[in-house]
Number of protein chains: 2
Amino acid sequence: MSHLLIDCLQYSNWSRPIFQQIRDAGVSGLHVTICYHENFIETVRNITKWNDYFADNSDLIFHGKYAADIERAKAENRVAVFYGFQNCSPIEDDVRLVEIFHQLGVRFMQLSYNNQSLLATGCYEAVDTGITRMGREVIKEMNRVGMVIDMSHSANHSTLQAIELSTRPIAITHANPHSWHEALRNKPDNVLRALAQSGGMLGFSIYPHHLKDKSQCSVQSFCEMIARTAEIMGVTQIGFGSDLCLEQPDSVVEWMRNGRWTKAMDYGEGSKDNAGFPKQPEWFENSTGFANILAGLKQIGFNDDDIALIAGKNWLKFFRESFVGKES
Amino acid sequence: MSHLLIDCLQYSNWSRPIFQQIRDAGVSGLHVTICYHENFIETVRNITKWNDYFADNSDLIFHGKYAADIERAKAENRVAVFYGFQNCSPIEDDVRLVEIFHQLGVRFMQLSYNNQSLLATGCYEAVDTGITRMGREVIKEMNRVGMVIDMSHSANHSTLQAIELSTRPIAITHANPHSWHEALRNKPDNVLRALAQSGGMLGFSIYPHHLKDKSQCSVQSFCEMIARTAEIMGVTQIGFGSDLCLEQPDSVVEWMRNGRWTKAMDYGEGSKDNAGFPKQPEWFENSTGFANILAGLKQIGFNDDDIALIAGKNWLKFFRESFVGKES
């Protein structure tokens, strides 16, 4: 029996072998980042690149727009690919571009990426303003059209405000508990609790900077962290968001970290001596590693029903409730 | 019994009273122009305006994307609104923007508007190059995704080439036979014949500059012209494309004619003494005038089945075959 599997974040240097690997790993739903700092037209051109990927690899992948696409993907042994932005740069200063991107199939948008944005504060800023005036309008619009507010890279006060202001549950698609590993990007228990209580979802990251012992993290430690998080959030509000980046050149990690906002080099979660992408732990070198995690969960005592929830059913339910528009 | 009614072109100064009038006139499918000379981002902003129209007038109109939306509109006593461009300016120099606009719900694009474009020659140019190199690529892409090639404002040789190159039937959404009224925008019999033989559609225009005796044209003369066209093209390849423009300020007709391509004033089909929108004939001052035309068709001897085809069934069939994508 193979579990329905959803990975709620990857950002690789896309190619047919990578799509094949994801499909062969049994992933049916995949949230991909299609923008870090790109403006409107640059993001549209990223979408045209995806249209080419879909045309050239239609036996492996297709554009996912609604939850039902995941069940279709599972039945057809393909991967439904859902678009997300890690920043709000694509909508520039125009709230109406939210709906345009929803029409183009975008389903997730972070309100900020590490830095202050027009909408919210990023997790690297010294002062956290909370949700801005425009941010409140954009949250309303995202709620209306059915686009998920993702606070993975936002600051904590902004995140708590977003949870409160949003009339729909929000997501932190790729992060871990701060209590397990003290990274700026990992989230404190009060944020995780508020997220879960509002019906929101956390996707566990396997990016080494978010892991205890980084690249040396054991699968057992990772699974025990999941068990502790399930105690805090409940087993129904958690899933995967691996943050997997395969075969990207360092220029891409530089774009993620520096955009056009600094001329000096910012190393983000890395450092001058460790500037590139860190090495993945050996139990998750690519999407096929999900099998190791599911086995690890079983080993530490999760039953099959709970593993099925974490592997995909929780995200599937969240997708079902999140992507359909509401009357304004 | 009320016929299914489709108007395959209007460009009014949109407002709730106009939407109400179109709905009350029994129009179920409406092709609206959302661009004359706008570039990519300007056209996207026009789409955001339509998103507002739909949100504010959802009891009267909704965004039509496929033929089935017309039947839904008829059943719900609303109007399904289909987007079209009168020029190829929105895709700028990027063939991949065709699919982006199809994703945003655009279903018609003219390859040129009066002037030479990157794709084809307009009907006002001295020399007709035919379809350009980029034009051939864009036709292929429009065929692939399901966007109708509209040659209403194109030159005749370009139109004949588009008919030949396109693997799907094309349309001339708003024009009349040149043999009835010698306007530059009206089409010679050889073009109409080639259009019909390839399965294409002609929409009859009620823009006074396209009518014999212009604003004084009688409904009988208009209906007799339809009868003669049915003899040339067959009764299955014709419908309406009224080209109705209500309550537009003269600045809009100036934009249509002059865009940004000339500093001098071009009067298009008008003249210095008759620069604005001409007066509509009294039997078609707005969408309610379709009743006069359908009565006129009956009076000159059309039977109910043929009137039903011309009123909407022909366009409905054409929409059904045109808007769905093909595998590339």
# chains A, B, ... in the order shown; residues from 1 in each chain; ligands from 1

call {"tool": "residues_around", "arguments": {"residues": "Val98 of chain B", "least_positions_apart": "5", "cutoff": "12 Å", "atoms": "only C-alpha atoms", "output": "ChimeraX atom specification"}}
result
/A:44-45,48,51 /B:40,84-85,88-93,103-109,111,135,137-149

call {"tool": "closest_atom_pairs", "arguments": {"of": "segment 154-233 of chain A", "to": "segment 275-296 of chain A", "cutoff": "9 Å", "atoms": "only C-alpha atoms", "output": "JSON lines"}}
result
{"residue": "A:Ile206", "atom": "CA", "partner": "A:Phe284", "partner_atom": "CA", "distance": 7.6}
{"residue": "A:Tyr207", "atom": "CA", "partner": "A:Gln280", "partner_atom": "CA", "distance": 7.0}
{"residue": "A:Pro208", "atom": "CA", "partner": "A:Gln280", "partner_atom": "CA", "distance": 6.1}
{"residue": "A:His209", "atom": "CA", "partner": "A:Pro278", "partner_atom": "CA", "distance": 7.6}
{"residue": "A:Lys214", "atom": "CA", "partner": "A:Pro281", "partner_atom": "CA", "distance": 7.6}
{"residue": "A:Ser215", "atom": "CA", "partner": "A:Pro281", "partner_atom": "CA", "distance": 4.6}
{"residue": "A:Gln216", "atom": "CA", "partner": "A:Pro281", "partner_atom": "CA", "distance": 5.9}
{"residue": "A:Cys217", "atom": "CA", "partner": "A:Pro281", "partner_atom": "CA", "distance": 6.5}
{"residue": "A:Ser218", "atom": "CA", "partner": "A:Pro281", "partner_atom": "CA", "distance": 7.6}
{"residue": "A:Val219", "atom": "CA", "partner": "A:Gly296", "partner_atom": "CA", "distance": 6.5}
{"residue": "A:Gln220", "atom": "CA", "partner": "A:Gly296", "partner_atom": "CA", "distance": 6.1}
{"residue": "A:Phe222", "atom": "CA", "partner": "A:Ile293", "partner_atom": "CA", "distance": 8.2}
{"residue": "A:Cys223", "atom": "CA", "partner": "A:Gly296", "partner_atom": "CA", "distance": 6.2}
{"residue": "A:Glu224", "atom": "CA", "partner": "A:Gly296", "partner_atom": "CA", "distance": 8.9}

call {"tool": "closest_residue", "arguments": {"among": "B:Ala155, B:Val81, B:Ala194, B:Ala75", "to": "Ser58 of chain B", "atoms": "only C-alpha atoms"}}
result
B:Val81

call {"tool": "closest_residue", "arguments": {"among": "A:Glu99, A:Asp59, A:Asp7, A:Asp24", "to": "chain B", "atoms": "only C-alpha atoms"}}
result
A:Glu99

call {"tool": "select_by_dssp", "arguments": {"residues": "segment 25-257 of chain B", "states": "alpha helix (DSSP H)", "output": "VMD selection string"}}
result
chain B and resid 40 to 56 68 to 76 97 to 103 133 to 145 156 to 165 189 to 197 219 to 233 250 to 257

call {"tool": "select_by_dssp", "arguments": {"residues": "segment 54-233 of chain B", "states": "strand (DSSP E or B)", "output": "list in words"}}
result
Ile61, Phe62, His63, Val79, Ala80, Val81, Phe82, Tyr83, Gly84, Phe85, Val106, Arg107, Phe108, Met109, Gln110, Gly122, Val148, Ile149, Asp150, Ser154, Ala171, Ile172, Pro177, Lys187, Met201, Leu202, Gly203 and Phe204 of chain B

call {"tool": "residues_around", "arguments": {"residues": "Ile172 of chain A", "least_positions_apart": "2", "cutoff": "8 Å", "atoms": "only C-alpha atoms", "output": "list in words"}}
result
Asp150, Met151, Ser152, Ile170, His174, Ala175, Gly200, Met201, Leu202 and Gly203 of chain A

call {"tool": "closest_residue", "arguments": {"among": "B:Lys298, B:Pro169, B:Ile232, B:Phe204", "to": "Asn190 of chain B", "atoms": "only C-alpha atoms"}}
result
B:Ile232

call {"tool": "residues_around", "arguments": {"residues": "Gly26 of chain A", "least_positions_apart": "4", "cutoff": "9 Å", "atoms": "only C-alpha atoms", "output": "list in words"}}
result
Ser2, His3, Leu4, Leu5, Ile6, Gln21, Ile22, Lys74, Asn77, Arg78, Val79, Ser287, Thr288 and Phe290 of chain A

call {"tool": "write_last_selection", "arguments": {"atoms": "N, CA and C atoms", "output": "compact mmCIF listing (two decimals), in the first residue's frame"}}
result
# COMPACT_ATOMS: atom_id res chain seq x y z
N SER A 2 0.66 2.12 -0.96
CA SER A 2 1.47 3.34 -0.95
C SER A 2 0.61 4.53 -0.53
N HIS A 3 1.14 5.31 0.39
CA HIS A 3 0.42 6.47 0.89
C HIS A 3 0.35 7.57 -0.16
N LEU A 4 -0.74 8.32 -0.16
CA LEU A 4 -0.80 9.55 -0.94
C LEU A 4 0.25 10.50 -0.37
N LEU A 5 1.10 11.04 -1.24
CA LEU A 5 2.24 11.83 -0.78
C LEU A 5 2.20 13.23 -1.40
N ILE A 6 2.30 14.23 -0.54
CA ILE A 6 2.33 15.63 -0.99
C ILE A 6 3.55 16.31 -0.39
N GLN A 21 12.10 11.56 -11.10
CA GLN A 21 12.44 11.11 -9.76
C GLN A 21 11.31 11.40 -8.77
N ILE A 22 10.72 12.59 -8.90
CA ILE A 22 9.62 12.96 -8.00
C ILE A 22 8.43 12.03 -8.23
N LYS A 74 -2.59 10.98 -8.66
CA LYS A 74 -2.35 9.67 -8.04
C LYS A 74 -2.87 8.56 -8.97
N ASN A 77 -0.64 8.24 -12.07
CA ASN A 77 0.79 8.10 -11.82
C ASN A 77 1.58 9.29 -12.38
N ARG A 78 1.07 10.49 -12.08
CA ARG A 78 1.76 11.72 -12.46
C ARG A 78 1.86 12.62 -11.23
N VAL A 79 2.41 13.81 -11.42
CA VAL A 79 2.55 14.76 -10.32
C VAL A 79 1.77 16.04 -10.66
N SER A 287 13.70 13.26 -3.57
CA SER A 287 12.32 12.91 -3.19
C SER A 287 12.15 11.45 -2.78
N THR A 288 13.02 10.58 -3.25
CA THR A 288 12.87 9.16 -2.88
C THR A 288 13.09 8.96 -1.38
N PHE A 290 11.48 10.24 0.98
CA PHE A 290 10.25 10.19 1.77
C PHE A 290 10.00 8.79 2.32
